[in-house]
Every structure is written in structure tokens, then in C-alpha cells.
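Text of the file protein-v9.pdb, holding PDB, C-alpha atoms and all ligand atoms:
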```pdb
ATOM      1  CA  MET A   1     103.929 104.956 111.296
ATOM      2  CA  ASP A   2     103.984 108.473 109.787
ATOM      3  CA  LEU A   3     103.608 108.209 106.026
ATOM      4  CA  TYR A   4     104.281 111.923 105.644
ATOM      5  CA  THR A   5     107.215 113.699 107.340
ATOM      6  CA  PRO A   6     108.886 116.958 106.209
ATOM      7  CA  GLU A   7     111.882 115.079 104.725
ATOM      8  CA  PHE A   8     110.377 111.846 103.386
ATOM      9  CA  VAL A   9     106.944 110.610 102.374
ATOM     10  CA  HIS A  10     105.625 107.212 101.388
ATOM     11  CA  CYS A  11     102.939 107.039  98.742
ATOM     12  CA  ASN A  12     101.482 103.927  97.109
ATOM     13  CA  GLY A  13     104.478 101.821  98.162
ATOM     14  CA  GLU A  14     107.135 104.243  96.863
ATOM     15  CA  LYS A  15     109.473 106.443  98.913
ATOM     16  CA  PHE A  16     109.940 110.121  98.047
ATOM     17  CA  ARG A  17     112.385 112.692  99.483
ATOM     18  CA  VAL A  18     111.865 116.431  99.730
ATOM     19  CA  TYR A  19     113.020 118.255  96.596
ATOM     20  CA  LEU A  20     111.540 121.765  96.826
ATOM     21  CA  THR A  21     110.665 123.191 100.215
ATOM     22  CA  HIS A  22     107.580 125.228 101.013
ATOM     23  CA  GLU A  23     109.729 128.393 101.243
ATOM     24  CA  GLU A  24     111.466 127.751  97.895
ATOM     25  CA  ILE A  25     108.132 127.195  96.184
ATOM     26  CA  GLN A  26     106.471 130.260  97.707
ATOM     27  CA  ASP A  27     109.457 132.452  96.843
ATOM     28  CA  ARG A  28     109.396 131.386  93.201
ATOM     29  CA  VAL A  29     105.598 131.550  92.866
ATOM     30  CA  LYS A  30     105.645 135.061  94.335
ATOM     31  CA  LYS A  31     108.246 136.159  91.741
ATOM     32  CA  ILE A  32     106.162 134.729  88.886
ATOM     33  CA  GLY A  33     103.050 136.462  90.261
ATOM     34  CA  GLN A  34     104.877 139.788  90.433
ATOM     35  CA  LYS A  35     106.213 139.377  86.895
ATOM     36  CA  ILE A  36     102.744 138.542  85.557
ATOM     37  CA  SER A  37     101.325 141.584  87.399
ATOM     38  CA  ASN A  38     103.866 143.814  85.628
ATOM     39  CA  ASP A  39     103.506 142.183  82.227
ATOM     40  CA  PHE A  40      99.674 142.161  82.266
ATOM     41  CA  TYR A  41      98.904 145.282  84.345
ATOM     42  CA  ASP A  42      96.442 146.760  81.812
ATOM     43  CA  ARG A  43      95.165 143.552  80.180
ATOM     44  CA  HIS A  44      92.659 142.040  82.627
ATOM     45  CA  PRO A  45      93.929 138.491  81.986
ATOM     46  CA  ILE A  46      91.981 135.299  82.515
ATOM     47  CA  PHE A  47      93.892 132.463  84.166
ATOM     48  CA  ILE A  48      92.930 128.974  83.019
ATOM     49  CA  GLY A  49      94.011 126.271  85.418
ATOM     50  CA  VAL A  50      94.428 122.690  84.271
ATOM     51  CA  LEU A  51      92.789 120.353  86.761
ATOM     52  CA  ASN A  52      93.522 118.571  88.903
ATOM     53  CA  GLY A  53      97.242 119.178  89.299
ATOM     54  CA  SER A  54      97.386 122.985  89.042
ATOM     55  CA  PHE A  55      94.813 123.792  91.717
ATOM     56  CA  ILE A  56      97.275 124.609  94.514
ATOM     57  CA  PHE A  57      99.839 126.369  92.314
ATOM     58  CA  LEU A  58      97.134 128.480  90.668
ATOM     59  CA  SER A  59      95.511 129.452  93.952
ATOM     60  CA  ASP A  60      98.886 130.580  95.387
ATOM     61  CA  LEU A  61      99.917 132.275  92.131
ATOM     62  CA  MET A  62      96.710 134.332  91.915
ATOM     63  CA  ARG A  63      97.252 135.657  95.434
ATOM     64  CA  TYR A  64     100.597 137.085  94.301
ATOM     65  CA  VAL A  65      98.971 138.783  91.283
ATOM     66  CA  HIS A  66      97.949 142.339  92.142
ATOM     67  CA  ILE A  67      95.949 143.359  89.091
ATOM     68  CA  PRO A  68      92.315 142.683  88.127
ATOM     69  CA  CYS A  69      91.977 139.209  86.612
ATOM     70  CA  GLU A  70      89.614 136.253  86.252
ATOM     71  CA  VAL A  71      89.958 132.491  86.596
ATOM     72  CA  ASP A  72      88.448 129.433  84.960
ATOM     73  CA  PHE A  73      89.368 125.740  84.820
ATOM     74  CA  LEU A  74      89.507 122.891  82.394
ATOM     75  CA  LYS A  75      90.265 119.289  83.130
ATOM     76  CA  LEU A  76      92.379 116.736  81.315
ATOM     77  CA  SER A  77      92.683 113.035  81.932
ATOM     78  CA  SER A  78      95.559 112.232  84.302
ATOM     79  CA  TYR A  79      98.274 109.568  84.282
ATOM     80  CA  GLY A  80      95.821 107.278  86.045
ATOM     81  CA  ASP A  81      97.749 105.157  88.516
ATOM     82  CA  GLU A  82     100.932 105.114  86.463
ATOM     83  CA  LYS A  83     104.132 107.166  86.695
ATOM     84  CA  VAL A  84     104.575 107.487  82.932
ATOM     85  CA  SER A  85     102.440 109.283  80.377
ATOM     86  CA  SER A  86      99.911 107.200  78.452
ATOM     87  CA  GLY A  87     100.695 109.314  75.378
ATOM     88  CA  GLN A  88      97.028 110.278  75.077
ATOM     89  CA  VAL A  89      95.209 113.406  76.189
ATOM     90  CA  THR A  90      91.477 113.493  76.818
ATOM     91  CA  GLU A  91      89.526 116.560  77.843
ATOM     92  CA  LEU A  92      87.166 115.851  80.742
ATOM     93  CA  LYS A  93      85.884 119.395  81.410
ATOM     94  CA  GLU A  94      85.800 122.459  79.159
ATOM     95  CA  ILE A  95      86.170 126.088  80.238
ATOM     96  CA  ASP A  96      82.960 128.067  80.697
ATOM     97  CA  ALA A  97      84.395 131.482  79.817
ATOM     98  CA  ASP A  98      84.338 132.982  76.337
ATOM     99  CA  ILE A  99      88.030 133.696  75.701
ATOM    100  CA  ARG A 100      87.710 135.319  72.268
ATOM    101  CA  GLY A 101      89.715 138.554  72.372
ATOM    102  CA  ARG A 102      90.909 137.880  75.932
ATOM    103  CA  HIS A 103      94.443 137.667  77.308
ATOM    104  CA  VAL A 104      94.644 134.049  78.429
ATOM    105  CA  ILE A 105      97.219 132.686  80.883
ATOM    106  CA  LEU A 106      97.242 128.901  80.830
ATOM    107  CA  VAL A 107      98.491 127.389  84.105
ATOM    108  CA  GLU A 108      99.894 123.845  84.340
ATOM    109  CA  ASP A 109     101.500 122.065  87.266
ATOM    110  CA  ILE A 110     104.151 120.277  85.212
ATOM    111  CA  VAL A 111     105.259 119.851  81.613
ATOM    112  CA  ASP A 112     106.687 116.388  81.020
ATOM    113  CA  THR A 113     106.522 115.161  77.401
ATOM    114  CA  GLY A 114     104.757 118.423  76.472
ATOM    115  CA  LEU A 115     101.809 116.581  74.917
ATOM    116  CA  SER A 116      99.180 118.102  77.240
ATOM    117  CA  MET A 117     100.497 121.638  76.833
ATOM    118  CA  LYS A 118     100.654 121.274  73.041
ATOM    119  CA  PHE A 119      97.086 119.927  72.987
ATOM    120  CA  LEU A 120      95.846 122.803  75.171
ATOM    121  CA  ILE A 121      97.625 125.567  73.275
ATOM    122  CA  GLU A 122      96.262 124.297  69.961
ATOM    123  CA  LYS A 123      92.764 123.949  71.420
ATOM    124  CA  LEU A 124      92.647 127.384  73.082
ATOM    125  CA  LYS A 125      94.068 129.129  70.005
ATOM    126  CA  ARG A 126      91.027 127.927  68.056
ATOM    127  CA  SER A 127      88.902 130.205  70.306
ATOM    128  CA  HIS A 128      90.868 133.256  69.093
ATOM    129  CA  PRO A 129      92.213 134.771  72.345
ATOM    130  CA  ALA A 130      93.973 138.153  72.034
ATOM    131  CA  SER A 131      97.054 136.479  73.492
ATOM    132  CA  LEU A 132      97.916 133.100  74.944
ATOM    133  CA  THR A 133     100.613 132.785  77.596
ATOM    134  CA  SER A 134     101.706 129.551  79.235
ATOM    135  CA  VAL A 135     102.899 129.023  82.796
ATOM    136  CA  SER A 136     104.181 125.797  84.288
ATOM    137  CA  LEU A 137     105.443 125.409  87.829
ATOM    138  CA  LEU A 138     107.708 122.512  86.841
ATOM    139  CA  HIS A 139     109.380 121.495  83.586
ATOM    140  CA  LYS A 140     111.043 118.131  82.978
ATOM    141  CA  SER A 141     112.956 119.660  80.084
ATOM    142  CA  ASP A 142     114.943 116.487  79.247
ATOM    143  CA  GLN A 143     111.666 114.606  78.780
ATOM    144  CA  THR A 144     109.944 117.127  76.540
ATOM    145  CA  GLN A 145     109.407 115.758  73.052
ATOM    146  CA  HIS A 146     106.803 118.225  71.784
ATOM    147  CA  ASN A 147     107.787 121.723  70.776
ATOM    148  CA  VAL A 148     105.833 123.853  73.245
ATOM    149  CA  GLN A 149     106.028 127.511  74.093
ATOM    150  CA  LEU A 150     106.576 128.008  77.862
ATOM    151  CA  ASP A 151     106.521 131.657  78.875
ATOM    152  CA  TYR A 152     106.962 131.343  82.646
ATOM    153  CA  VAL A 153     108.553 128.307  84.323
ATOM    154  CA  GLY A 154     109.006 127.862  88.055
ATOM    155  CA  PHE A 155     111.659 125.164  88.194
ATOM    156  CA  ARG A 156     113.399 122.901  85.679
ATOM    157  CA  ILE A 157     113.616 119.456  87.241
ATOM    158  CA  PRO A 158     115.194 116.064  86.384
ATOM    159  CA  SER A 159     113.250 113.337  84.614
ATOM    160  CA  LEU A 160     112.003 111.721  87.807
ATOM    161  CA  PHE A 161     108.504 111.401  89.233
ATOM    162  CA  VAL A 162     107.504 114.161  91.668
ATOM    163  CA  LEU A 163     104.696 114.475  94.162
ATOM    164  CA  GLY A 164     102.980 117.146  96.250
ATOM    165  CA  TYR A 165     101.761 120.752  95.943
ATOM    166  CA  GLY A 166      98.895 119.556  93.740
ATOM    167  CA  LEU A 167     100.777 116.754  91.961
ATOM    168  CA  ASP A 168      99.579 113.240  92.677
ATOM    169  CA  PHE A 169     100.609 109.629  92.453
ATOM    170  CA  ALA A 170      97.413 107.650  91.788
ATOM    171  CA  GLN A 171      95.418 110.584  93.250
ATOM    172  CA  GLU A 172      97.358 110.702  96.534
ATOM    173  CA  GLY A 173      99.846 113.274  97.773
ATOM    174  CA  ARG A 174      98.262 116.426  96.335
ATOM    175  CA  ASN A 175      97.889 117.897  99.842
ATOM    176  CA  LEU A 176     101.636 117.919 100.555
ATOM    177  CA  ALA A 177     102.887 121.516 100.973
ATOM    178  CA  GLN A 178     106.338 120.679  99.564
ATOM    179  CA  ILE A 179     107.413 118.915  96.357
ATOM    180  CA  TYR A 180     108.924 115.457  96.803
ATOM    181  CA  ILE A 181     110.920 113.425  94.268
ATOM    182  CA  ILE A 182     111.089 109.669  94.005
ATOM    183  CA  ASP A 183     113.993 108.458  96.141
ATOM    184  CA  LYS A 184     116.172 107.057  93.359
ATOM    185  CA  LYS A 185     119.475 108.276  91.919
ATOM    186  CA  VAL A 186     119.221 110.909  89.151
ATOM    187  CA  PRO A 187     120.182 109.133  85.899
ATOM    188  CA  ASP A 188     123.501 110.237  84.317
ATOM    189  CA  ASN A 189     123.109 111.742  80.850
TER     190      ASN A 189
HETATM  191  P1  LIG B   1     102.767 115.649  79.579
HETATM  192  O1  LIG B   1     101.542 115.724  78.726
HETATM  193  O2  LIG B   1     103.578 114.414  79.298
HETATM  194  O3  LIG B   1     103.626 116.905  79.499
HETATM  195  O4  LIG B   1     102.290 115.459  81.064
HETATM  196  C1  LIG B   1     101.673 116.491  81.765
HETATM  197  C2  LIG B   1     100.809 115.937  82.879
HETATM  198  O5  LIG B   1     101.295 114.678  83.375
HETATM  199  C3  LIG B   1     100.834 116.866  84.067
HETATM  200  O6  LIG B   1      99.831 117.849  83.984
HETATM  201  C4  LIG B   1     100.651 115.927  85.242
HETATM  202  O7  LIG B   1      99.278 115.713  85.474
HETATM  203  C5  LIG B   1     101.263 114.625  84.784
HETATM  204  N1  LIG B   1     102.644 114.443  85.271
HETATM  205  C6  LIG B   1     103.789 114.494  84.556
HETATM  206  N2  LIG B   1     104.872 114.243  85.309
HETATM  207  C7  LIG B   1     104.398 114.052  86.558
HETATM  208  C8  LIG B   1     105.052 113.788  87.817
HETATM  209  O8  LIG B   1     106.285 113.677  87.947
HETATM  210  N3  LIG B   1     104.223 113.656  88.899
HETATM  211  C9  LIG B   1     102.867 113.766  88.822
HETATM  212  N4  LIG B   1     102.222 114.025  87.665
HETATM  213  C10 LIG B   1     102.990 114.170  86.537
END
```
As C-alpha cells, what does this structure read like?
Amino acid sequence: MDLYTPEFVHCNGEKFRVYLTHEEIQDRVKKIGQKISNDFYDRHPIFIGVLNGSFIFLSDLMRYVHIPCEVDFLKLSSYGDEKVSSGQVTELKEIDADIRGRHVILVEDIVDTGLSMKFLIEKLKRSHPASLTSVSLLHKSDQTQHNVQLDYVGFRIPSLFVLGYGLDFAQEGRNLAQIYIIDKKVPDN
């Protein structure tokens, strides 16, 4: 049995259907990369990717950025094997770069409750960057409880669990080239 097909995937006993195709993702990531290139053309920004989820988005995004720039990574604890946030953020790896006086572009895969982004913005600001800009490929805006500044957003999505293009479910599914959503009805608001 194929666990992964273009339309549907099975992961850890749950069924997901395609939500954003490879072409839709690439088109949007390219536009964000071009906008960042224009906005930061003379600022030599440093991208900081949040591991593990942002590794595919960041690597695609950087290839659409046509100005000199740098990259570094930090790592936060993940959801573990669950589909809901634990409400706690733990830093597992710090950045190596000295960001004082630098133009920092923080890159997340998804903002859900906003807790991780809030934690990261507050933490990075303490290192006195010249500017701090946030990028998230996905935003579950109905779920967001923390007041976070998001400067570039790829797609606003419903409050349902998604998988692929770096995002995992209990560490699986990151290698999927498209973004899949859990195969349940979108709740009415
Ligand atoms: P937040 O702190 O609640 O905003 O959660 C952010 C982090 O939770 C992301 O960086 C992801 O690692 C994870 N996350 C949130 N929603 C999803 C999802 O739908 N699929 C996979 N991971 C998710």
C-alpha cells in the first residue's frame, strides 16, 4: 500500500489530503523571496531558521533571495508526538552568529498559538539586532493567542493540523513536497 500519494497521505494512523500544491507553495515562496530582496537589498540580512520545521521553507526561500545574506539556525522543542501545543517552549540549540547590529530575518514554518514566535522575538531582541523581521510560511490566525508581529506570511490556514514541506507529525512527513491537511471537516465559526 502507498502511504504517500499526491492527493492523500497516511501518517501515524491519520489521513491527510493535499491542501497546498508544490506549485502553489513555490509561487508564494518565490514572491516572498523577491519582496525580501527588494526590502533588504542594502542590508546584508541574516536569516535565522527555526529547526526542525523551517528547514525546507528556508532553503527554498533563500534561493529566491538575490542579495548577499547569511543564514544560521536555532532549535526549539517540538510538539512531540501530539497534534496540539504543549504550551511550553524550550530552546534546544542556540544561534552561533553574533546578531548585534544585524538585520535579522526570523523564519518559522508555522505560527499556531504564537507562543514560539513571541518567545523567539523576545529572546532575539535581547541581543540588540539593528532590525528584527519575522516570516512564517503558514499562519493559523484563528488559533493565535499571543500578540506577535508577523511581517511576511505565506498562507493563512484553518485551525487544523497540517503536514509536509518540513512540517511533521511525530517526526514523520517532513519530506513531503506538498502541504497536507488532516482529512476532517473545517469547523464552522
Ligand atoms: P506555536 O508556538 O503554538 O505557535 O506553535 C509553533 C510550532 O508548533 C511550529 O513551529 C510547529 O513546529 C508546531 N506546529 C503548529 N501547528 C502545527 C501543525 O499543524 N503541524 C505541524 N506542526 C505544527
Exercise for review: Show me which residues sit within 9 Å of ligand LIG 1 (chain B) when counting all atoms listed in the file, and put them as number ranges by chain.
Suggested key: A: 50-54, 76-79, 83-89, 108-119, 138-140, 143-146, 159-164, 166-170, 181-182
Point to revise | Result set, the PyMOL selection byres (((chain A and resi 124-128) around 7) and not hetatm) on current file, as a list in words | key: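 What the PyMOL selection byres (((chain A and resi 124-128) around 7) and not hetatm) grabs from the file is Ile99, Arg100, Gly101, Leu120, Ile121, Glu122, Lys123, Pro129 and Ala130 of chain A.
Between Tyr180 in chain A and the candidates A:Leu3, A:Val71, A:Leu92, A:Val18, the tightest atom-to-atom separation, counting all atoms listed in the file, involves A:Val18.
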Practice item. Starting from the shown file, work through the PyMOL selection byres (((chain A and resi 65) around 8) and not hetatm) and note down what comes out as a PyMOL selection string. Key: chain A and resi 33-34+36-37+61-64+66-67
Residues of the last selection are to be written out with C-alpha atoms, as a compact mmCIF listing (two decimals), keeping the file's coordinate frame.
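Contents of selection.txt, freshly written:
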```txt
# COMPACT_ATOMS: atom_id res chain seq x y z
CA GLY A 33 103.05 136.46 90.26
CA GLN A 34 104.88 139.79 90.43
CA ILE A 36 102.74 138.54 85.56
CA SER A 37 101.32 141.58 87.40
CA LEU A 61 99.92 132.28 92.13
CA MET A 62 96.71 134.33 91.92
CA ARG A 63 97.25 135.66 95.43
CA TYR A 64 100.60 137.08 94.30
CA HIS A 66 97.95 142.34 92.14
CA ILE A 67 95.95 143.36 89.09
```
Check your understanding: Separation of CA of Asp39 in chain A and CA of Ser59 in chain A, in Å?
Key ->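 Separating CA of Asp39 in chain A from CA of Ser59 in chain A is a distance of 19.1 Å.
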**Study point:** Using only C-alpha atoms: which of A:Glu94, A:Val104, A:Val135, A:Tyr41 has the shortest distance to Phe57 in chain A
**Key:** A:Val135
Practice item. Quote the spacing between CA of Phe55 in chain A and CA of Ile179 in chain A in Å to one decimal place. Key: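 Taking CA of Phe55 in chain A as the start and CA of Ile179 in chain A as the end point, the length is 14.3 Å.
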Review point. Separation of CA of His22 in chain A and CA of Tyr4 in chain A, in Å?
Key: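 Distance reported for this atom pair: 14.5 Å.
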Review point. So, counting all atoms listed in the file, which residue among A:Asp42, A:Lys35, A:Val29, A:Glu172 is closest to Ile56 in chain A?
Key: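 Looking only at the distances to Ile56 in chain A, the closest residue turns out to be A:Val29.
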Revision key, fill the gap. Among A:Asn147, A:Asn12, A:Gln178, A:Thr90, Leu74 in chain A is approached most closely, using all atoms listed in the file, by A:Thr90
**Study point:** All residues 9 Å or closer to Glu70 in chain A, only C-alpha atoms, same chain fewer than 4 positions away omitted, as a list in words
**Key:** His44, Pro45, Ile46, Phe47 and Ile48 of chain A
Those selected residues, please, written with C-alpha atoms and delivered as a PDB file, in the frame of the given file.
```pdb
ATOM      1  CA  HIS A  44      92.659 142.040  82.627  1.00  0.00           C
ATOM      2  CA  PRO A  45      93.929 138.491  81.986  1.00  0.00           C
ATOM      3  CA  ILE A  46      91.981 135.299  82.515  1.00  0.00           C
ATOM      4  CA  PHE A  47      93.892 132.463  84.166  1.00  0.00           C
ATOM      5  CA  ILE A  48      92.930 128.974  83.019  1.00  0.00           C
TER       6      ILE A  48
END
```
Check your understanding: Which one of A:Glu14, A:Leu150, A:Leu176, A:Thr133 sits closest to Phe40 in chain A if you count all atoms listed in the file?
Key ->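 For Phe40 in chain A, the nearest of the candidates is A:Thr133.
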Exercise for review: Check the smallest atom-to-atom distance from each of A:Leu137, A:Cys69, A:Cys11, A:Leu106 to Tyr165 in chain A using all atoms listed in the file, then report the winner.
Suggested key: A:Leu137
Review point. Need the neighbours of (113.6, 122.1, 82.9): which residues are at most 7 Å away, counting all atoms listed in the file, as a PyMOL selection string?
Key: chain A and resi 139-142+155-157
What does the file look like for those residues with C-alpha atoms, as a tab-separated table (two decimals), in the frame of the given file?
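Saved result, part.tsv, follows:
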```
chain	number	residue	atom	x	y	z
A	139	HIS	CA	109.38	121.50	83.59
A	140	LYS	CA	111.04	118.13	82.98
A	141	SER	CA	112.96	119.66	80.08
A	142	ASP	CA	114.94	116.49	79.25
A	155	PHE	CA	111.66	125.16	88.19
A	156	ARG	CA	113.40	122.90	85.68
A	157	ILE	CA	113.62	119.46	87.24
```
